[in-house]
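K.L.:
My questions will all concern the structure given below.
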Amino acid sequence: MEILDRSIFELHNMLKNREITSQELTNKFLEKIENLNKKINAYITICEDIAIEQSKKADEKIKNGNISYLTGIPLSIKDLICTKGIRTTCGSKMLNNYIPTYNATVYEKLLEQNIVTLGKVNMDEFAMGSSNETSYFGPVRNPHDLERVPGGSSGGSAASVAANMCAASLGSDTGGSIRQPASFCGVVGLKPTYGRVSRYGLVAFASSLDQIGPITKNVEDCAILIQAISGYDEKDSTSVNIEVPDYLKDLKKESLKGLKIGVPKEYFIAGINEEVEKCIKHLLNILEKEGAEIIEISLPHTEYAVATYYIIAPAEASSNLARYDGVKFGYRAENYEDLLDMYKKTRAEGFGDEVKRRIMIGTYALSSGYYDAYYLKAAKVRNLIKQDFQNAFNVVDVIMCPVSPTTAFKIGEKIDNPLDMYLNDIFTIPVNLAGLPGLSLPAGKDSNNLPIGLQIIGNYFQENKLLNIAYNVEQCL
Ligand code: GLN
């Protein structure tokens, strides 16, 4: 097995047993990035010098017997997580030259464990998209088929993990941006419960939905990475102060006997790709043979989820993105007449089409006289969607369904049809609206050899249960 193919857990053991140094490992990854990035375009910024310096420091720690699971492990970081002294673009021309003066809490936590930062990875502009095609830095290509998208918005994260250009990555998920690209690229992705992970230092898209989470090669690695970034943070008022379990220790091979798996009937509807449906149903059959109980459930408000999301997310985005005015951050137009003209030109030149579309939708939905009809109504429907899930969790332990109705589509296929693109998130969006944790697990491949993802949804703060079930399903496969 190629060394770069290995999981965090395996690399950790090699580092611990001194079979390799972090510096050697880092150089191998950097070489791989150098060779592949022109093709895949996963990295926006490659941090060669910083990575080498960090790897030396990690080796020093390891020598002194000071090693944790992530010490010396080379990772990539989605380019909307603030990294002190390292450019953080959010995939936008607007932040092309933005170098944060502080670290996001999640990155700070990783640094405490002496990770190696290989670089900042590509994404849809301001995390708005499902294909990574809205990035100012060009599309990312799916390592399984270079003509196809890796999914989005954490496309660079998922592609960099799938192509062995890092051991694992951090992404963010507002409506599916961790799970859908993980599914398209055949890797594991976890969106934690809203409040589990600090959002401090995450460039905000839609604050009531955004969560940071891991994208990894397997479930074990996912447990390691979520462990490292979880927990209360006084710098994020939405982070929740409850104990973080030992996710890795809780992973146990156990029988699925008696596990109640809910399968929402609304998720197997017209429009879903036949092969995706077949693959997930086949997998559910296997789990049933292993002793799990498959229970049909209903999430009756599913049909309103995408519409609800496309009021709430753009409304919050229009407010969050008001700060990019050419004064405080990033890009400023070169030629302008007065202050107002400067604002206008900066925003017209600095943002791409999709971001502008969202700002316009959001501003409209929030404008005087429309607030009650749109935002308030959407907030009410959001509560109904939450309630649907709670009713389901009264009966079942977890919910299983596809991550996405399709496998990776072709670059260019949907970019001119926003509604079609938005519908790709139909199975992931409800989970964000409810604030629940959701995990994407590779479940099989279609006839084009493209990965298909199984989504496992758990109740609030049950990441440990979710990971454990995913771990055991992974074993069955
Ligand atoms: N694809 C969805 C959107 O465009 C979700 C993006 C995300 O989760 N950041 O809004």
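By convention in this document, the chains of the structure tokens carry letters A, B, ... by their order, each chain's residues are numbered from 1, and ligands are numbered from 1 in the order they are shown.
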Do you know which residues are within 9 Å of ligand 1 using only C-alpha atoms and all ligand atoms? Can you write them as a PyMOL selection string?
P.N.:
chain A and resi 124+126-131+151-154+172-180+205-206+209-211+309-310+313-314+354+358+421-425+428-429+432
K.L.:
Tell me which protein, DNA and RNA residues are within 12 Å of A:Gln390, counting only C-alpha atoms, leaving out same-chain ones fewer than 6 positions away, and put them as a ChimeraX atom specification.
P.N.:
/A:297-299,383-384,396-399,431,434-436,457-460
K.L.:
Can you tell me which residues surround A:Thr83 at a distance of at most 7 Å, considering only C-alpha atoms, apart from same-chain residues fewer than 2 positions away, and format the answer as number ranges by chain?
P.N.:
A: 81, 85-86, 88, 100, 102-104, 107
K.L.:
With N, CA and C atoms retained, write the just-selected residues as a tab-separated table (two decimals), in the first residue's frame.
P.N.:
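Saved as again_6.tsv:
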```tsv
chain	number	residue	atom	x	y	z
A	81	ILE	N	-11.43	28.90	6.78
A	81	ILE	CA	-11.08	28.78	8.19
A	81	ILE	C	-9.85	29.66	8.41
A	85	GLY	N	-1.62	34.50	9.50
A	85	GLY	CA	-0.45	34.63	8.63
A	85	GLY	C	-0.54	33.85	7.32
A	86	ILE	N	-1.61	33.07	7.16
A	86	ILE	CA	-1.80	32.32	5.91
A	86	ILE	C	-3.06	32.83	5.22
A	88	THR	N	-6.38	33.52	3.46
A	88	THR	CA	-7.66	32.83	3.60
A	88	THR	C	-8.65	33.49	2.65
A	100	PRO	N	-5.42	36.61	7.60
A	100	PRO	CA	-5.96	36.80	8.95
A	100	PRO	C	-4.86	37.07	9.98
A	102	TYR	N	-5.47	36.28	13.11
A	102	TYR	CA	-5.80	35.36	14.21
A	102	TYR	C	-6.19	34.00	13.65
A	103	ASN	N	-6.18	32.99	14.52
A	103	ASN	CA	-6.56	31.64	14.13
A	103	ASN	C	-8.00	31.34	14.51
A	104	ALA	N	-8.68	30.60	13.66
A	104	ALA	CA	-9.96	30.02	14.06
A	104	ALA	C	-9.70	29.07	15.21
A	107	TYR	N	-8.58	25.59	14.20
A	107	TYR	CA	-7.19	25.50	13.73
A	107	TYR	C	-6.22	25.59	14.91
```
K.L.:
May I ask which of the residues A:Ser208, A:Asn472, A:Lys328, A:Ile40 is the closest one to A:Pro139, counting only C-alpha atoms?
P.N.:
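Looking only at the distances to A:Pro139, the closest residue turns out to be A:Ile40.
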K.L.:
With only C-alpha atoms as the basis for distance, which of A:Gly412, A:Gly438, A:Pro402, A:Gly330 is at the shortest distance from A:Ile272?
P.N.:
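The closest residue to A:Ile272 is A:Pro402.
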K.L.:
Write down as JSON, numbers by chain the residues of stretch 79-273 of chain A whose backbone DSSP state falls under strand (DSSP E).
P.N.:
{"A": [116, 117, 118, 119, 120, 121, 168, 169, 170, 171, 172, 173, 188, 189, 190, 191, 211, 212, 213, 214, 215, 216, 260, 261, 262, 263, 264]}
K.L.:
Write the residues of the preceding selection, restricted to N, CA and C atoms, as an mmCIF file, in the first residue's frame.
P.N.:
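Okay, again.cif is ready:
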```cif
data_model
loop_
_atom_site.group_PDB
_atom_site.id
_atom_site.type_symbol
_atom_site.label_atom_id
_atom_site.label_comp_id
_atom_site.auth_asym_id
_atom_site.auth_seq_id
_atom_site.Cartn_x
_atom_site.Cartn_y
_atom_site.Cartn_z
ATOM 1 N N VAL A 116 0.494 19.250 10.748
ATOM 2 C CA VAL A 116 1.236 19.907 9.675
ATOM 3 C C VAL A 116 0.209 20.471 8.689
ATOM 4 N N THR A 117 0.330 21.769 8.397
ATOM 5 C CA THR A 117 -0.610 22.429 7.494
ATOM 6 C C THR A 117 -0.063 22.405 6.074
ATOM 7 N N LEU A 118 -0.616 21.535 5.231
ATOM 8 C CA LEU A 118 -0.108 21.456 3.854
ATOM 9 C C LEU A 118 -0.579 22.648 3.028
ATOM 10 N N GLY A 119 -1.771 23.136 3.358
ATOM 11 C CA GLY A 119 -2.254 24.293 2.612
ATOM 12 C C GLY A 119 -3.743 24.504 2.784
ATOM 13 N N LYS A 120 -4.234 25.507 2.058
ATOM 14 C CA LYS A 120 -5.639 25.887 2.136
ATOM 15 C C LYS A 120 -6.325 25.407 0.863
ATOM 16 N N VAL A 121 -7.457 24.742 1.032
ATOM 17 C CA VAL A 121 -8.066 24.089 -0.130
ATOM 18 C C VAL A 121 -9.295 24.804 -0.686
ATOM 19 N N ALA A 168 -6.066 14.056 5.770
ATOM 20 C CA ALA A 168 -7.469 14.379 6.057
ATOM 21 C C ALA A 168 -7.638 15.882 5.946
ATOM 22 N N SER A 169 -8.889 16.342 6.069
ATOM 23 C CA SER A 169 -9.144 17.768 5.853
ATOM 24 C C SER A 169 -10.257 18.261 6.765
ATOM 25 N N LEU A 170 -10.298 19.574 6.937
ATOM 26 C CA LEU A 170 -11.453 20.189 7.591
ATOM 27 C C LEU A 170 -12.285 20.881 6.520
ATOM 28 N N GLY A 171 -13.591 20.677 6.571
ATOM 29 C CA GLY A 171 -14.503 21.381 5.682
ATOM 30 C C GLY A 171 -15.542 22.120 6.500
ATOM 31 N N SER A 172 -16.537 22.683 5.825
ATOM 32 C CA SER A 172 -17.662 23.284 6.545
ATOM 33 C C SER A 172 -18.935 22.931 5.803
ATOM 34 N N ASP A 173 -20.042 22.923 6.539
ATOM 35 C CA ASP A 173 -21.300 22.429 5.991
ATOM 36 C C ASP A 173 -22.446 23.327 6.448
ATOM 37 N N VAL A 188 -15.185 9.877 3.806
ATOM 38 C CA VAL A 188 -16.118 10.043 4.927
ATOM 39 C C VAL A 188 -16.198 11.523 5.312
ATOM 40 N N GLY A 189 -17.399 12.018 5.563
ATOM 41 C CA GLY A 189 -17.543 13.409 6.002
ATOM 42 C C GLY A 189 -18.568 13.508 7.114
ATOM 43 N N LEU A 190 -18.285 14.338 8.091
ATOM 44 C CA LEU A 190 -19.225 14.490 9.213
ATOM 45 C C LEU A 190 -19.584 15.950 9.440
ATOM 46 N N LYS A 191 -20.881 16.247 9.386
ATOM 47 C CA LYS A 191 -21.357 17.540 9.856
ATOM 48 C C LYS A 191 -21.839 17.349 11.284
ATOM 49 N N GLN A 211 -21.510 24.744 10.186
ATOM 50 C CA GLN A 211 -20.697 23.960 11.127
ATOM 51 C C GLN A 211 -19.433 23.479 10.425
ATOM 52 N N ILE A 212 -18.350 23.416 11.183
ATOM 53 C CA ILE A 212 -17.089 22.873 10.668
ATOM 54 C C ILE A 212 -17.045 21.386 11.002
ATOM 55 N N GLY A 213 -16.464 20.592 10.119
ATOM 56 C CA GLY A 213 -16.336 19.161 10.407
ATOM 57 C C GLY A 213 -15.261 18.500 9.575
ATOM 58 N N PRO A 214 -14.938 17.237 9.913
ATOM 59 C CA PRO A 214 -13.854 16.514 9.236
ATOM 60 C C PRO A 214 -14.267 15.832 7.938
ATOM 61 N N ILE A 215 -13.303 15.721 7.025
ATOM 62 C CA ILE A 215 -13.424 14.874 5.843
ATOM 63 C C ILE A 215 -12.208 13.949 5.866
ATOM 64 N N THR A 216 -12.462 12.653 5.893
ATOM 65 C CA THR A 216 -11.385 11.692 6.161
ATOM 66 C C THR A 216 -11.512 10.443 5.300
ATOM 67 N N LYS A 260 -32.524 0.210 15.347
ATOM 68 C CA LYS A 260 -33.705 0.656 14.601
ATOM 69 C C LYS A 260 -33.298 1.747 13.611
ATOM 70 N N ILE A 261 -33.334 1.388 12.336
ATOM 71 C CA ILE A 261 -32.930 2.334 11.290
ATOM 72 C C ILE A 261 -34.174 2.889 10.601
ATOM 73 N N GLY A 262 -34.347 4.176 10.665
ATOM 74 C CA GLY A 262 -35.470 4.819 9.991
ATOM 75 C C GLY A 262 -35.097 5.181 8.564
ATOM 76 N N VAL A 263 -35.985 4.865 7.650
ATOM 77 C CA VAL A 263 -35.743 5.220 6.243
ATOM 78 C C VAL A 263 -36.898 6.108 5.785
ATOM 79 N N PRO A 264 -36.623 7.382 5.530
ATOM 80 C CA PRO A 264 -37.716 8.309 5.191
ATOM 81 C C PRO A 264 -38.273 8.026 3.801
#
```
K.L.:
Give the alpha helix (DSSP H) residues of stretch 73-315 of chain A, as DSSP finds them on the backbone, and put them as a PyMOL selection string.
P.N.:
chain A and resi 105-112+155-162+179-185+219-229+274-289+305-315
K.L.:
Just the number, please: distance in Å from atom CA of A:Lys56 to atom CA of A:Gln23, one decimal.
P.N.:
6.0 Å
K.L.:
Please provide the set of residues having any atom within 10 Å of A:Arg6, restricted to only C-alpha atoms, with same-chain residues fewer than 5 positions apart removed, written as a ChimeraX atom specification.
P.N.:
/A:1,11-12,164,167,217-218
K.L.:
Between A:Ala270, A:Lys414, A:Asn17, A:Ala204, which has the minimum distance to A:Glu316 (counting only C-alpha atoms)?
P.N.:
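For A:Glu316, the nearest of the given residues is A:Ala204.
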K.L.:
So the first atom is atom CA of A:Asn66 and the second is atom CA of A:Val106; what is the distance between them in Å, to one decimal place?
P.N.:
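We find that atom CA of A:Asn66 and atom CA of A:Val106 lie 20.8 Å from each other.
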K.L.:
Find, counting only C-alpha atoms, the residue in A:Leu70, A:Ile242, A:Leu111, A:Met123 that gets nearest to A:Thr193.
P.N.:
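Of the candidates, the smallest distance to A:Thr193 is held by A:Ile242.
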K.L.:
Would you pick out the contacts of stretch 227-235 of chain A at 6 Å or less, using only C-alpha atoms, so that residues sharing its chain but fewer than 4 positions from it are not included, and give the list as a PyMOL selection string?
P.N.:
chain A and resi 106+196-198+223+239-241
K.L.:
A:Glu112, A:Cys166, A:Ser92, A:Asn132: which is nearest A:Glu31, counting only C-alpha atoms?
P.N.:
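Looking only at the distances to A:Glu31, the closest residue turns out to be A:Cys166.
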K.L.:
Report as a VMD selection string all protein, DNA and RNA residues lying within 12 Å of A:Lys93, evaluated on only C-alpha atoms, omitting residues in the same chain fewer than 6 positions from it.
P.N.:
chain A and resid 124 to 126 134 to 138 324 326 329 to 333 346 to 353 355
K.L.:
Enumerate, in order of chain and increasing residue number, the residues of stretch 255-362 of chain A with an atom no farther than 9 Å from stretch 366-382 of chain A, each with its shortest atom pair and distance in Å to one decimal, counting only C-alpha atoms, as a Markdown table.
P.N.:
```
| residue | atom | partner | partner_atom | distance |
| --- | --- | --- | --- | --- |
| A:His301 | CA | A:Val381 | CA | 7.9 |
| A:Tyr304 | CA | A:Val381 | CA | 7.6 |
| A:Ala305 | CA | A:Arg382 | CA | 7.6 |
| A:Ala307 | CA | A:Ala378 | CA | 8.2 |
| A:Thr308 | CA | A:Ala378 | CA | 5.0 |
| A:Tyr309 | CA | A:Ala378 | CA | 7.8 |
| A:Ile311 | CA | A:Tyr375 | CA | 6.2 |
| A:Ile312 | CA | A:Tyr375 | CA | 6.3 |
| A:Ala315 | CA | A:Leu366 | CA | 6.4 |
| A:Ile361 | CA | A:Leu366 | CA | 8.7 |
| A:Gly362 | CA | A:Leu366 | CA | 6.2 |
```
K.L.:
Save the residues we just selected, N, CA and C atoms, as a short mmCIF file (atom, residue, chain, number, x, y, z; two decimals), in the first residue's frame?
P.N.:
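The resulting file, out.cif, is shown below:
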```
data_model
loop_
_atom_site.label_atom_id
_atom_site.label_comp_id
_atom_site.auth_asym_id
_atom_site.auth_seq_id
_atom_site.Cartn_x
_atom_site.Cartn_y
_atom_site.Cartn_z
N HIS A 301 -42.43 17.24 5.98
CA HIS A 301 -42.15 18.58 5.47
C HIS A 301 -40.91 18.66 4.59
N TYR A 304 -40.53 21.03 1.58
CA TYR A 304 -40.35 22.48 1.75
C TYR A 304 -38.92 22.87 2.15
N ALA A 305 -38.07 21.86 2.35
CA ALA A 305 -36.75 22.14 2.93
C ALA A 305 -35.88 23.03 2.03
N ALA A 307 -36.72 25.12 -0.34
CA ALA A 307 -37.26 26.49 -0.42
C ALA A 307 -36.99 27.25 0.88
N THR A 308 -37.15 26.56 2.00
CA THR A 308 -36.93 27.20 3.30
C THR A 308 -35.46 27.62 3.43
N TYR A 309 -34.58 26.68 3.05
CA TYR A 309 -33.14 26.97 3.11
C TYR A 309 -32.80 28.17 2.23
N ILE A 311 -34.40 30.70 1.60
CA ILE A 311 -34.76 31.99 2.20
C ILE A 311 -33.79 32.28 3.35
N ILE A 312 -33.66 31.29 4.25
CA ILE A 312 -32.87 31.52 5.47
C ILE A 312 -31.39 31.75 5.16
N ALA A 315 -30.71 35.03 3.34
CA ALA A 315 -31.01 36.17 4.22
C ALA A 315 -29.82 36.40 5.17
N ILE A 361 -31.28 37.75 -3.32
CA ILE A 361 -32.42 37.00 -2.76
C ILE A 361 -32.59 37.34 -1.29
N GLY A 362 -31.48 37.33 -0.57
CA GLY A 362 -31.52 37.56 0.88
C GLY A 362 -31.99 38.96 1.22
#
```
